[in-house]
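Enquirer: What follows is a single structure, and I will ask about it in a moment.
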Amino acid sequence: MSGRARLALCAAVATLCAAGALLPLVEPISWLIQAAVLLAIVTGVGAAARRAPLAGPLVIGAQVLVGGLLMTLLFTPGEAILGLLPGPDALAEFGRLVQAGVRDVGRYASPAPVTPGIRLLLIAGVLLIGLTVDALAVTYRSAAPAGLPLLALYSVAAGLSQGGAGWLRFLIAAAGYLLLLLAEGRDRLSQWGRVFGGAGGGADPPGRGPGFAALAPVRTGRRIGALVLGIALVVPALLPSLGGGLFGTSGSGSGPGGGGGTISAVNPLVSLQDSLNQPEDKEVLNYRTTAADTRDLYLRIVALDQFDGTTWKPSERTVTDVPERLPGPPGLSSSVDLNRVNTSISTAEWYAQNWLPLPYPASKVDISGRWRFEPQGRTLVGDRGQNTHGLQYQVESLQVRPTSQQLASAPAPPADLLREYTKVPRSLPQVVRSTAHQVTHGAPTTYAKAVKLQDWFALNGGFSYNTDVRAGSGSEAIARFLRQKEGFCVHFSFSMAAMARTLGIPARVAVGFTPGTKQPDGTTSVGLKDAHAWPELYFQGIGWTRFEPTPSRGSIPDYAYPDTPDTPDPGSPAPEPSRSTAPSEGPSAAPSCGPDERRPGSGTACISLPAESGTSPPDSGSSPWTIALMALAAVLVLLLPAGPLLWRLRIRSGRLAGPDGDMAAGTLAVWRELLDTAWDFGILPDESLTPRKAAERIIRIGDLQPEPAAAARRAAAAVEQVLYAPQPQPVSGLALDVQQVRAGLRDGASRGLRLRAQLAPRSAARLRWAWSARWSALLLRCRNSRPVAAARRALAALRPGPRRA
């Protein structure tokens, strides 16, 4: 294998090693096999084009052409011309697939399914990076800069992977890049021969014993690369890192040992939206409970109580050991009716995050492992890597059942609690505050205001549920949600909590799961699509109380229905009945489903469906200019590989025609054509030989028969007469002699060599040399042009000259 072929192979291997970091993001991994096949074909095209030889831009153009044809054949054969050539319909389909891929990337959590759009983005990205690496490292022989596209590919994978790409994938990607550098170093050294020797054949260096060998730079480079790679692996391992998301599959949460310390949590927005948009509703956990009605049995993970204008997040709190019995919930009085419920929960093997789902408020948790208790939010968090992977635990909790009268007559909360949980940032738009006062206008109590806010979002405000809306919890996101009136549970809960705070009602947001769906065996299954966020408002004597502003999700609690229904605002649709006499076993259904949603069955929520990339409204047809430009581009693309062949035909016809009246120039042109014809058939020209010896060399290597050999000798004799005779005599029939030599070389060559000489002639390298010479001459003329020379003289005049005494 030649040096360049080995380098091209290492470039493809390095690209695939870096692409391996993308494997945890999607499943299955069949896309990588397809990308590897396409990359191998494009790499082979580049190697063949370089052996032709073609100029660097032509090599890259040929690879781009073949790559585009392969992508068309793989993704849009039905819309392509003859199933291969990309036409307007194929390009439009590519555009739809790209849009669908970008949408699917934002829709799904990792590992995401390999939808057609995501598959296009992955394969096209790997192919583009591979072509860039091949162009830099092989075509232009600069392997070091080729690390930049490889780093970009790895960085994208590491940035999207939960918890990073992992040390093993980093090691594989780095090993691929080092392999590429070593291949380039070996290729460069091979061009200089065997420069570095061993101990034999020369005197030992001073101070060295027998058998001393010079240390090769390649070996030194390997040691340096191994050392740097080791440092890159060890240093990140020694640095602290954060765990995964609330609904993610990674959970390396950390916490202090002993009896105290603090914790902080990650923002749940992206994880929650990704969970809702998963194509498969994988079971997160299931439970068996003594509760007769599970509508209010929400499984709470964490409470977000700090709003800084950018996002809602949990405050940094002190954690303690989990007590035998948890302290009573704050603000709950003995006059409120409650039931004690026992629940046995089992989490899935794949579900691993460091917050423990619990019914609220829990009074006792029987669980093994390293768990810590945060009293303010009443949550349990894993310590030193403890997570929810495959757990079984028992929870005793309270079902608090206040009446609407108790909530309406609740006294004012404590001053410190009121101050902490009614803070809003100064950046909160005025529209949030004014809308809250407008919606609750006329409400006599804090409870009535809370109910009006809930009903405005869930019933009569004109809001719709859509999980495709971009997640956001900042001040501007809330204002945008109030204008557009479209979002999912994050928008509803965060907006209601912020508006409640502007009304002086203590509020926070809880994140967790809705009660789930009853199973035939008596258990209840909770899946990814049950992930939810809801607001909690504080009422003295009852404590933190759940409300449900999100339409088509969860269930509105009984205490959130006032004794006397409120009159809806004029002009707004009448609220639909949202309470049923029968217990609900799942989320309540929305009044209507959107065009991109479906209702799987009665009593279930509208679920957003991924848009199909292949469906789109019919267009009115392409314009004639677009079709003409596409046809012109297709012709140019098809003519690009035929460029060397067409150039060679034009040069041959011009040389054999001969210049009028110039015998010497015509003879030398015919001789140059004979040399280039031999070069096309693999006989490299040797300028150091005389015409006679050059002809004999062509006869010997080309194994010419007597007649073509005699024609080659006649052409050589004519050239020597033109160059050396005092009075050259004209010789006729030289063009026929060259044609005879060409026929003899073709008869003695193999089929592959004949095709290469015809379609990819080696002598086309002269075209590259000619363009290089013209470019150099143009630069020289520009450098010596009058304006440039004048500018140089002006700059020289401004420079201080030598001082005279």
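Naming works like this for the structure tokens: A, B, ... for the chains as they're shown, residue 1 at the start of each chain, ligands 1 onward in shown order.
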Pick out the residues sitting within 8 Å of Ala510 in chain A, and hand them over as an mmCIF file with N, CA, C and O atoms, in the first residue's frame; count only C-alpha atoms, and ignore anything fewer than 4 positions along from it in its own chain.

Expert:
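Printed below is out.cif as written:
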```
data_model
loop_
_atom_site.group_PDB
_atom_site.id
_atom_site.type_symbol
_atom_site.label_atom_id
_atom_site.label_comp_id
_atom_site.auth_asym_id
_atom_site.auth_seq_id
_atom_site.Cartn_x
_atom_site.Cartn_y
_atom_site.Cartn_z
ATOM 1 N N ARG A 300 -43.788 13.465 43.423
ATOM 2 C CA ARG A 300 -43.019 14.704 43.381
ATOM 3 C C ARG A 300 -41.538 14.409 43.472
ATOM 4 O O ARG A 300 -41.102 13.570 44.250
ATOM 5 N N ILE A 301 -40.738 15.082 42.645
ATOM 6 C CA ILE A 301 -39.287 14.884 42.645
ATOM 7 C C ILE A 301 -38.576 16.023 43.350
ATOM 8 O O ILE A 301 -37.779 15.816 44.258
ATOM 9 N N VAL A 302 -38.846 17.246 42.933
ATOM 10 C CA VAL A 302 -38.134 18.400 43.489
ATOM 11 C C VAL A 302 -39.034 19.612 43.365
ATOM 12 O O VAL A 302 -39.937 19.658 42.516
ATOM 13 N N ALA A 303 -38.808 20.602 44.226
ATOM 14 C CA ALA A 303 -39.543 21.860 44.195
ATOM 15 C C ALA A 303 -38.612 22.976 43.739
ATOM 16 O O ALA A 303 -37.499 23.122 44.257
ATOM 17 N N LEU A 304 -39.072 23.749 42.762
ATOM 18 C CA LEU A 304 -38.314 24.887 42.240
ATOM 19 C C LEU A 304 -38.887 26.141 42.887
ATOM 20 O O LEU A 304 -40.005 26.560 42.590
ATOM 21 N N ALA A 533 -45.056 19.144 35.482
ATOM 22 C CA ALA A 533 -44.723 20.239 36.399
ATOM 23 C C ALA A 533 -46.018 20.934 36.771
ATOM 24 O O ALA A 533 -46.899 21.116 35.917
ATOM 25 N N TRP A 534 -46.158 21.324 38.024
ATOM 26 C CA TRP A 534 -47.382 21.961 38.491
ATOM 27 C C TRP A 534 -47.028 22.988 39.577
ATOM 28 O O TRP A 534 -46.016 22.863 40.265
ATOM 29 N N PRO A 535 -47.864 24.021 39.760
ATOM 30 C CA PRO A 535 -47.582 25.015 40.797
ATOM 31 C C PRO A 535 -48.109 24.555 42.158
ATOM 32 O O PRO A 535 -49.117 23.846 42.257
ATOM 33 N N GLU A 536 -47.414 24.968 43.203
ATOM 34 C CA GLU A 536 -47.845 24.769 44.584
ATOM 35 C C GLU A 536 -47.968 26.139 45.243
ATOM 36 O O GLU A 536 -47.007 26.922 45.236
#
```

Enquirer: When you look at range 642-653 of chain A with a cut-off of 7 Å (counting only C-alpha atoms), what residues show up, excluding the ones that are within fewer than 4 positions of it in the same chain? I need them as a ChimeraX atom specification.

Expert: /A:657,673,758-761,764

Enquirer: Report the distance between CA of Arg433 in chain A and CA of Ala507 in chain A in Å, rounded to one decimal place.

Expert: 14.6 Å

Enquirer: Considering only C-alpha atoms, return as a VMD selection string whatever protein or nucleic-acid residues lie within 12 Å of Gln721 in chain A, sequence-local ones (same chain, fewer than 3 positions apart) excluded.

Expert: chain A and resid 663 to 664 667 to 668 691 to 692 714 to 718 724 to 731

Enquirer: Write the residues of the preceding selection, restricted to C-alpha atoms, as a compact mmCIF listing (two decimals), in the first residue's frame.

Expert:
```txt
# COMPACT_ATOMS: atom_id res chain seq x y z
CA MET A 663 8.69 23.00 -39.02
CA ALA A 664 10.72 22.98 -35.79
CA THR A 667 8.14 18.54 -34.83
CA LEU A 668 8.70 19.34 -31.15
CA PRO A 691 15.27 11.67 -27.90
CA ARG A 692 16.89 8.46 -29.22
CA ARG A 714 11.51 7.94 -36.85
CA ALA A 715 9.95 10.53 -34.54
CA ALA A 716 13.10 10.60 -32.37
CA ALA A 717 15.32 11.01 -35.45
CA ALA A 718 13.20 13.93 -36.67
CA TYR A 724 21.15 19.44 -33.91
CA ALA A 725 21.31 19.46 -37.78
CA PRO A 726 22.86 22.61 -39.37
CA GLN A 727 20.09 22.65 -41.96
CA PRO A 728 17.07 20.58 -40.80
CA GLN A 729 15.11 18.82 -43.51
CA PRO A 730 11.30 18.53 -43.27
CA VAL A 731 9.95 15.13 -42.29
```

Enquirer: Which residues come within 8 Å of Ala112 in chain A, counting only C-alpha atoms, excluding same-chain residues fewer than 6 positions away, as a list in words?

Expert: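 The neighbour list is Leu25, Val26, Glu27, Val105 and Gln278 of chain A.
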
Enquirer: Let's have the selection written as a PDB file, in the first residue's frame, with N, CA and C atoms.

Expert:
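Result file selection35.pdb:
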```pdb
ATOM      1  N   LEU A  25     -26.140   8.870  21.497  1.00  0.00           N
ATOM      2  CA  LEU A  25     -27.200   9.844  21.274  1.00  0.00           C
ATOM      3  C   LEU A  25     -28.412   9.243  20.579  1.00  0.00           C
ATOM      4  N   VAL A  26     -28.204   8.213  19.762  1.00  0.00           N
ATOM      5  CA  VAL A  26     -29.302   7.626  18.992  1.00  0.00           C
ATOM      6  C   VAL A  26     -29.194   6.113  19.046  1.00  0.00           C
ATOM      7  N   GLU A  27     -30.291   5.480  18.759  1.00  0.00           N
ATOM      8  CA  GLU A  27     -30.301   4.028  18.629  1.00  0.00           C
ATOM      9  C   GLU A  27     -31.367   3.627  17.614  1.00  0.00           C
ATOM     10  N   VAL A 105     -34.310  16.514  16.621  1.00  0.00           N
ATOM     11  CA  VAL A 105     -33.214  16.660  17.586  1.00  0.00           C
ATOM     12  C   VAL A 105     -33.695  17.404  18.822  1.00  0.00           C
ATOM     13  N   GLN A 278     -40.754  11.669  23.954  1.00  0.00           N
ATOM     14  CA  GLN A 278     -40.207  10.379  23.584  1.00  0.00           C
ATOM     15  C   GLN A 278     -41.216   9.602  22.735  1.00  0.00           C
TER      16      GLN A 278
END
```

Enquirer: What's around Ala479 in chain A at 7 Å? Count only C-alpha atoms, leave out sequence neighbours fewer than 2 positions away in its own chain, and write the answer as number ranges by chain.

Expert: A: 429, 431-432, 475-477, 481-483

Enquirer: Counting only C-alpha atoms, figure out which residue out of A:Arg508, A:Arg6, A:Asn387, A:Phe681 gets nearest to Arg751 in chain A.

Expert: A:Phe681

Enquirer: Which one is closest to Ala47 in chain A: A:Leu151, A:Ala8, A:Leu656, A:Val322? Count only C-alpha atoms.

Expert: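 Among the listed residues, A:Ala8 lies closest to Ala47 in chain A.
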